[in-house]
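The structure appears below as structure tokens.
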Amino acid sequence: MTEHAHSHGHSHSHSHSHAHGVSPDADRRWLRAALILLTAYMAVEVVIGVIAQSLALISDAAHMLTDAVSIVLALIAMRLAARPARGGYTYGLKRAEILSAQANGITLLLLSVWLAYEAVERLISPPKVTGGLVLVTALSGIVVNLICTWLLSKANRSSLNVEGAYQHILTDLFGFVATAVAGLVVLTTGFERADAIATLVVVALMLRAGTGLVRESGRIFMEAAPAGIDPDALGDHLVAADEVVEVHDLHIWQITSGHPALSAHILVAPGGDCHKVRRSLQELLSGEYGITHATLQVDHVGEQGAADELLTLSPRPGPGPELQAGHCEDAHGPVHRPGPHRH
């Protein structure tokens with residue numbers, strides 16, 4: 001990307017960090033190893049689940065399928081994200097991982113609805129379940145999930161997909177524990193409804209994981225501010241800097257998971273050093289908020305940018321007298337000024 005200058009008097013826009021998207025040091029080998037192990041065990045588990053007539057085992061296998069899909073999509077997203085920006089995709093394909101994360105979350109939610117329906121039916125009319133087979137399979141599943149968790153912990157988890165897959169395998173681990181308990185109960189007491197109850201536990205874990213993925217990916221698509229960053233507090237922090245008299249058109253979003261971006265229009269006191277203000281604000285954003293992709297347009301208050309344009313403060317928010325608005329008359333979002341003010 002190149003730096004852009006805005007033609008509003010002495011306006012300046014600089015500082016773009018270029019390390020966006022999935023981190024290039026993400027180790028695909030760990031993901032592939034986990035994928036192979038998950039896929040092989042999942043196939044075995046489905047066969048055993050059908051033989052044992054255990055919905056809990058089948059539900060665990062279904063969850064493992066979504067884990068495998070999430071890893072595949074993460075690998076694809078890494079490859080797409082590595083492509084340079086060109087044509088109409090000025091950010092490249094950085095959000096491919098967000099698309100796959102959302103698809104994975106929706107799949108989890110749909111599977112949980114189906115499994116919940118099946119579990120309720122089995123609570124009403126429980127089939128014959130082979131408890132010993134369920135117990136042995138679930139215990140082996142715990143071992144497989146522990147290995148996969150270790151493999152994914154070695155990969156770069158800054159990607160929403162990789163972190164999502166990691167959390168899903170942890171969810172699987174708890175699901176297998178519940179299934180093992182159910183198998184033990186069926187084996188020792190003959191209470192076959194324990195299998196359906198274990199399935200409902202897995203369903204609850206799937207709902208939690210799926211909802212989290214859909215919510216986080218949805219925030220990125222809607223260009224909401226990253227979690228943990230309060231735009232109003234950040235705007236007040238910027239306007240408190242020396243020589244800054246107003247901050248408006250402040251936008252904070254995420255290009256992809258873990259890579260926040262910001263743009264803002266900064267008005268500086270007449271005679272102030274625009275370049276110095278810009279540099280100090282960029283250092284503040286990078287050092288205190290982790291925002292290294294910042295585009296700041298800096299202007300002097302009252303400075304003439306064109307023959308018919310006079311830069312002045314935009315309308316004052318809240319009650320009180322308003323100043324004549326010449327530039328950014330319709331500011332997008334709250335206007336920040338020194339001292340108490342409404343957002």
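Every chain in the structure tokens takes a letter, A first, then B, and so on in the order presented; its residues are numbered from 1, and the ligands are numbered from 1 following the presented order.
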
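Once range 280-289 of chain A and its same-chain neighbours fewer than 4 positions away are set aside, A:Ser15, A:Ile229, A:Leu238, A:Ala241, A:Lys276, A:Ala294 remain within 8 Å of it when counting only C-alpha atoms.
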
As a check of understanding: the span from CA of Leu80 in chain A to CA of Ala40 in chain A is 26.5 Å

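Between CA of Gln53 in chain A and CA of Leu135 in chain A there is a distance of 12.8 Å.
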
How would you write, as a PyMOL selection string, the set of residues in range 172-238 of chain A that DSSP gives as helix (DSSP H, G or I)? chain A and resi 172-189+193-221+231-238

task: Would you kindly return, as a PyMOL selection string, each protein, DNA or RNA residue with an atom no farther than 7 Å from any atom of Leu108 in chain A, considering only C-alpha atoms and excluding same-chain residues fewer than 5 positions away?
output: chain A and resi 66+206-207+210

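With CA of Asp249 in chain A on one side and CA of Gly271 in chain A on the other, the separation reads 22.4 Å.
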
- Query: Using only C-alpha atoms, which residues sit within 9 Å of Leu200 in chain A once same-chain residues fewer than 4 positions away are excluded, as a PyMOL selection string?
  - Reply: chain A and resi 56+112+115-116+119-120+195-196+204-205

Enumerate, in order of chain and increasing residue number, the residues of range 207-307 of chain A with an atom no farther than 12 Å from range 148-172 of chain A, each with its shortest atom pair and distance in Å to one decimal, counting only C-alpha atoms, as a tab-separated table.
```
residue	atom	partner	partner_atom	distance
A:Leu207	CA	A:Thr171	CA	10.5
A:Arg208	CA	A:Thr171	CA	9.2
A:Ala209	CA	A:His168	CA	6.7
A:Gly210	CA	A:His168	CA	9.0
A:Thr211	CA	A:Gly164	CA	11.3
A:Gly212	CA	A:Gly164	CA	8.9
A:Leu213	CA	A:Gly164	CA	7.0
A:Val214	CA	A:Gly164	CA	10.6
A:Arg215	CA	A:Leu160	CA	11.6
A:Glu216	CA	A:Leu160	CA	8.5
A:Ser217	CA	A:Leu160	CA	8.1
A:Gly218	CA	A:Leu160	CA	11.9
A:Ile220	CA	A:Leu160	CA	10.6
A:Gln254	CA	A:Leu160	CA	11.9
A:Ile255	CA	A:Ser159	CA	11.9
A:Thr256	CA	A:Ser159	CA	8.3
A:Ser257	CA	A:Leu160	CA	5.7
A:Gly258	CA	A:Ser158	CA	6.2
A:His259	CA	A:Ser158	CA	9.2
```
